[in-house]
>>> print(open('start-v9.cif').read())   # mmCIF, N, CA and C atoms and all ligand atoms
data_structure
#
loop_
_atom_site.label_atom_id
_atom_site.label_comp_id
_atom_site.auth_asym_id
_atom_site.auth_seq_id
_atom_site.Cartn_x
_atom_site.Cartn_y
_atom_site.Cartn_z
N MET A 11 -57.53 75.37 -13.60
CA MET A 11 -57.12 74.33 -12.63
C MET A 11 -58.24 73.31 -12.46
N LYS A 12 -57.85 72.06 -12.43
CA LYS A 12 -58.83 70.98 -12.29
C LYS A 12 -59.42 70.96 -10.88
N GLN A 13 -60.73 70.82 -10.84
CA GLN A 13 -61.42 70.77 -9.55
C GLN A 13 -61.25 69.38 -8.94
N LEU A 14 -60.76 69.34 -7.73
CA LEU A 14 -60.58 68.05 -7.06
C LEU A 14 -61.88 67.61 -6.40
N PRO A 15 -62.12 66.30 -6.38
CA PRO A 15 -63.30 65.82 -5.67
C PRO A 15 -63.16 66.04 -4.17
N GLU A 16 -64.29 66.12 -3.50
CA GLU A 16 -64.26 66.37 -2.06
C GLU A 16 -64.07 65.08 -1.27
N ALA A 17 -63.27 65.17 -0.24
CA ALA A 17 -63.09 64.03 0.66
C ALA A 17 -64.36 63.80 1.46
N LYS A 18 -64.53 62.56 1.87
CA LYS A 18 -65.65 62.23 2.76
C LYS A 18 -65.15 62.39 4.19
N MET A 19 -65.89 63.13 5.02
CA MET A 19 -65.44 63.36 6.39
C MET A 19 -66.06 62.32 7.32
N VAL A 20 -65.20 61.65 8.09
CA VAL A 20 -65.65 60.57 8.96
C VAL A 20 -65.27 60.89 10.40
N MET A 21 -66.20 60.67 11.30
CA MET A 21 -65.98 60.95 12.73
C MET A 21 -65.09 59.90 13.39
N HIS A 22 -64.08 60.40 14.09
CA HIS A 22 -63.22 59.53 14.88
C HIS A 22 -63.20 59.99 16.32
N HIS A 23 -62.98 59.06 17.23
CA HIS A 23 -62.76 59.42 18.62
C HIS A 23 -61.38 60.07 18.73
N ASP A 24 -61.28 61.17 19.45
CA ASP A 24 -59.99 61.85 19.58
C ASP A 24 -59.70 62.03 21.06
N ASP A 25 -59.37 60.93 21.70
CA ASP A 25 -59.07 60.94 23.12
C ASP A 25 -57.88 60.02 23.31
N PRO A 26 -56.64 60.57 23.08
CA PRO A 26 -55.44 59.73 23.03
C PRO A 26 -55.36 58.73 24.18
N PRO A 27 -55.01 57.47 23.93
CA PRO A 27 -54.51 56.96 22.64
C PRO A 27 -55.62 56.48 21.71
N CYS A 28 -56.89 56.66 22.05
CA CYS A 28 -57.96 56.15 21.18
C CYS A 28 -58.21 57.07 20.00
N LYS A 29 -58.10 56.53 18.80
CA LYS A 29 -58.40 57.28 17.59
C LYS A 29 -59.31 56.45 16.69
N ALA A 30 -60.17 55.64 17.31
CA ALA A 30 -60.99 54.71 16.55
C ALA A 30 -62.07 55.44 15.76
N ARG A 31 -62.46 54.83 14.64
CA ARG A 31 -63.56 55.35 13.83
C ARG A 31 -64.88 55.03 14.53
N LEU A 32 -65.75 56.03 14.63
CA LEU A 32 -67.03 55.82 15.29
C LEU A 32 -68.00 55.05 14.39
N HIS A 33 -68.86 54.27 15.02
CA HIS A 33 -69.94 53.59 14.31
C HIS A 33 -71.25 54.08 14.88
N ASN A 34 -72.00 54.84 14.05
CA ASN A 34 -73.24 55.48 14.49
C ASN A 34 -73.02 56.30 15.76
N GLY A 35 -71.89 57.02 15.81
CA GLY A 35 -71.60 57.90 16.93
C GLY A 35 -70.98 57.21 18.14
N VAL A 36 -70.91 55.88 18.10
CA VAL A 36 -70.37 55.12 19.23
C VAL A 36 -68.95 54.66 18.91
N CYS A 37 -68.03 54.84 19.88
CA CYS A 37 -66.67 54.35 19.69
C CYS A 37 -66.63 52.85 19.96
N PRO A 38 -66.23 52.04 18.96
CA PRO A 38 -66.21 50.58 19.15
C PRO A 38 -65.14 50.14 20.14
N GLU A 39 -64.11 50.97 20.36
CA GLU A 39 -63.04 50.64 21.31
C GLU A 39 -63.47 50.90 22.75
N CYS A 40 -64.03 52.09 22.98
CA CYS A 40 -64.39 52.51 24.33
C CYS A 40 -65.82 52.12 24.70
N GLU A 41 -66.62 51.78 23.67
CA GLU A 41 -68.02 51.39 23.86
C GLU A 41 -68.85 52.46 24.56
N PHE A 42 -68.61 53.71 24.17
CA PHE A 42 -69.53 54.79 24.58
C PHE A 42 -69.57 55.86 23.50
N VAL A 43 -70.49 56.81 23.67
CA VAL A 43 -70.64 57.91 22.72
C VAL A 43 -69.77 59.07 23.20
N PRO A 44 -68.68 59.39 22.46
CA PRO A 44 -67.80 60.49 22.89
C PRO A 44 -68.50 61.84 22.78
N ASP A 45 -68.16 62.80 23.65
CA ASP A 45 -68.76 64.14 23.53
C ASP A 45 -68.06 64.93 22.43
N MET A 46 -68.62 66.09 22.12
CA MET A 46 -68.16 66.89 20.98
C MET A 46 -66.68 67.28 21.08
N GLN A 47 -66.18 67.49 22.30
CA GLN A 47 -64.79 67.91 22.47
C GLN A 47 -63.79 66.81 22.11
N SER A 48 -64.24 65.57 22.18
CA SER A 48 -63.30 64.47 21.91
C SER A 48 -63.63 63.77 20.60
N LEU A 49 -64.11 64.57 19.64
CA LEU A 49 -64.36 64.03 18.30
C LEU A 49 -63.48 64.75 17.30
N GLN A 50 -63.10 64.05 16.24
CA GLN A 50 -62.34 64.67 15.18
C GLN A 50 -62.82 64.11 13.85
N LEU A 51 -62.92 65.00 12.84
CA LEU A 51 -63.31 64.55 11.51
C LEU A 51 -62.06 64.23 10.71
N TRP A 52 -62.04 63.02 10.15
CA TRP A 52 -60.92 62.61 9.31
C TRP A 52 -61.37 62.59 7.86
N PRO A 53 -60.51 63.08 6.93
CA PRO A 53 -60.85 62.97 5.52
C PRO A 53 -60.61 61.54 5.02
N TYR A 54 -61.62 61.01 4.31
CA TYR A 54 -61.57 59.65 3.78
C TYR A 54 -61.77 59.66 2.27
N CYS A 55 -61.27 58.64 1.60
CA CYS A 55 -61.58 58.43 0.19
C CYS A 55 -63.00 57.86 0.09
N PRO A 56 -63.90 58.53 -0.65
CA PRO A 56 -65.28 58.05 -0.73
C PRO A 56 -65.41 56.70 -1.44
N SER A 57 -64.48 56.39 -2.36
CA SER A 57 -64.60 55.12 -3.08
C SER A 57 -63.92 53.97 -2.36
N CYS A 58 -62.77 54.21 -1.72
CA CYS A 58 -62.02 53.13 -1.07
C CYS A 58 -62.36 53.00 0.42
N ASP A 59 -62.95 54.05 1.01
CA ASP A 59 -63.30 54.04 2.43
C ASP A 59 -62.08 53.84 3.33
N VAL A 60 -60.97 54.51 2.95
CA VAL A 60 -59.76 54.49 3.76
C VAL A 60 -59.36 55.94 4.07
N PRO A 61 -58.69 56.17 5.23
CA PRO A 61 -58.27 57.54 5.56
C PRO A 61 -57.23 58.06 4.58
N LEU A 62 -57.32 59.34 4.23
CA LEU A 62 -56.36 59.95 3.31
C LEU A 62 -55.08 60.34 4.04
N LYS A 63 -53.98 60.35 3.28
CA LYS A 63 -52.70 60.85 3.80
C LYS A 63 -52.37 62.11 3.03
N ASN A 64 -52.34 63.27 3.73
CA ASN A 64 -52.15 64.57 3.08
C ASN A 64 -53.13 64.76 1.93
N LEU A 65 -54.39 64.39 2.19
CA LEU A 65 -55.50 64.50 1.24
C LEU A 65 -55.29 63.65 -0.01
N GLN A 66 -54.47 62.62 0.08
CA GLN A 66 -54.33 61.68 -1.02
C GLN A 66 -54.67 60.28 -0.53
N CYS A 67 -55.39 59.53 -1.38
CA CYS A 67 -55.77 58.17 -1.01
C CYS A 67 -54.58 57.23 -1.19
N PRO A 68 -54.19 56.50 -0.13
CA PRO A 68 -53.06 55.58 -0.25
C PRO A 68 -53.39 54.38 -1.13
N LYS A 69 -54.66 54.17 -1.44
CA LYS A 69 -55.08 53.00 -2.22
C LYS A 69 -55.19 53.32 -3.72
N CYS A 70 -55.98 54.34 -4.08
CA CYS A 70 -56.19 54.65 -5.50
C CYS A 70 -55.39 55.86 -5.96
N GLN A 71 -54.63 56.51 -5.03
CA GLN A 71 -53.74 57.64 -5.34
C GLN A 71 -54.48 58.91 -5.75
N GLN A 72 -55.79 58.91 -5.67
CA GLN A 72 -56.57 60.10 -5.99
C GLN A 72 -56.36 61.17 -4.92
N THR A 73 -56.23 62.43 -5.34
CA THR A 73 -56.14 63.53 -4.37
C THR A 73 -57.49 64.21 -4.23
N PHE A 74 -57.73 64.73 -3.05
CA PHE A 74 -59.02 65.34 -2.73
C PHE A 74 -58.83 66.72 -2.12
N GLN A 75 -59.93 67.46 -2.05
CA GLN A 75 -59.91 68.69 -1.28
C GLN A 75 -60.83 68.50 -0.08
N ALA A 76 -60.52 69.20 0.98
CA ALA A 76 -61.38 69.16 2.17
C ALA A 76 -62.70 69.83 1.84
N PRO A 77 -63.82 69.26 2.27
CA PRO A 77 -65.12 69.87 1.98
C PRO A 77 -65.21 71.26 2.60
N SER A 78 -65.83 72.20 1.88
CA SER A 78 -65.92 73.56 2.38
C SER A 78 -67.04 73.68 3.43
ZN ZN B 1 -62.58 55.50 21.82
ZN ZN B 2 -59.24 55.76 -2.95
#
>>> encode(input="start-v9.cif", output="structure tokens")
Amino acid sequence: MKQLPEAKMVMHHDDPPCKARLHNGVCPECEFVPDMQSLQLWPYCPSCDVPLKNLQCPKCQQTFQAPS
């Protein structure tokens, strides 16, 4: 079986309705640093820098595996 490349994990704010991508740990929408309970890691395509859908990149169609 072919080994799939690993997705890049990116921190997002997870405090509904805010799901913004963090920049250096700071939420650009809320303008504060969310605590650990309200963070979520999203799998991203390392080359396109877009969030994956079911571990597949909507841009380059590459599939990934979640990092172990
Ligand atoms: Zn936020
Ligand atoms: Zn891609």
>>> atom_distance(input="start-v9.cif", atom1="CA of Leu65 (chain A)", atom2="CA of Ser78 (chain A)")
13.9 Å
>>> residues_near_ligand(input="start-v9.cif", ligand="ligand ZN 1 (chain B)", cutoff="8 Å", atoms="all atoms listed in the file", output="JSON, numbers by chain")
{"A": [22, 23, 24, 25, 26, 27, 28, 29, 30, 31, 32, 36, 37, 38, 39, 40, 41, 42, 44]}
>>> residues_around(input="start-v9.cif", residues="Pro53 (chain A)", least_positions_apart="5", cutoff="5 Å", atoms="all atoms listed in the file", output="short mmCIF file (atom, residue, chain, number, x, y, z; two decimals) with N, CA and C atoms, in the frame of the given file")
data_model
loop_
_atom_site.label_atom_id
_atom_site.label_comp_id
_atom_site.auth_asym_id
_atom_site.auth_seq_id
_atom_site.Cartn_x
_atom_site.Cartn_y
_atom_site.Cartn_z
N LYS A 18 -64.53 62.56 1.87
CA LYS A 18 -65.65 62.23 2.76
C LYS A 18 -65.15 62.39 4.19
N MET A 19 -65.89 63.13 5.02
CA MET A 19 -65.44 63.36 6.39
C MET A 19 -66.06 62.32 7.32
N PRO A 61 -58.69 56.17 5.23
CA PRO A 61 -58.27 57.54 5.56
C PRO A 61 -57.23 58.06 4.58
N LEU A 62 -57.32 59.34 4.23
CA LEU A 62 -56.36 59.95 3.31
C LEU A 62 -55.08 60.34 4.04
#
>>> closest_residue(input="start-v9.cif", among="A:Tyr54, A:Gln75, A:Asn64, A:Pro15", to="ligand ZN 2 (chain B)", atoms="all atoms listed in the file")
A:Tyr54
>>> residues_near_ligand(input="start-v9.cif", ligand="ligand ZN 2 (chain B)", cutoff="12 Å", atoms="only C-alpha atoms and all ligand atoms", output="PyMOL selection string")
chain A and resi 15-18+53-63+65-74
>>> select_by_dssp(input="start-v9.cif", residues="chain A", states="strand (DSSP E)", output="list in words")
Lys18, Met19, Val20, Met21, His22, His23, Leu49, Gln50, Leu51, Trp52, Pro53 and Tyr54 of chain A
>>> atom_distance(input="start-v9.cif", atom1="atom N of His33 (chain A)", atom2="atom C of Val20 (chain A)")
8.8 Å
>>> atom_distance(input="start-v9.cif", atom1="atom N of Pro77 (chain A)", atom2="CA of Leu49 (chain A)")
16.9 Å
>>> axis_aligned_box(input="start-v9.cif", around="region 21-39 of chain A", padding_each_side="4 Å", output="JSON")
{"center_x": -63.9, "center_y": 56.1, "center_z": 17.7, "size_x": 26.7, "size_y": 19.9, "size_z": 20.9}
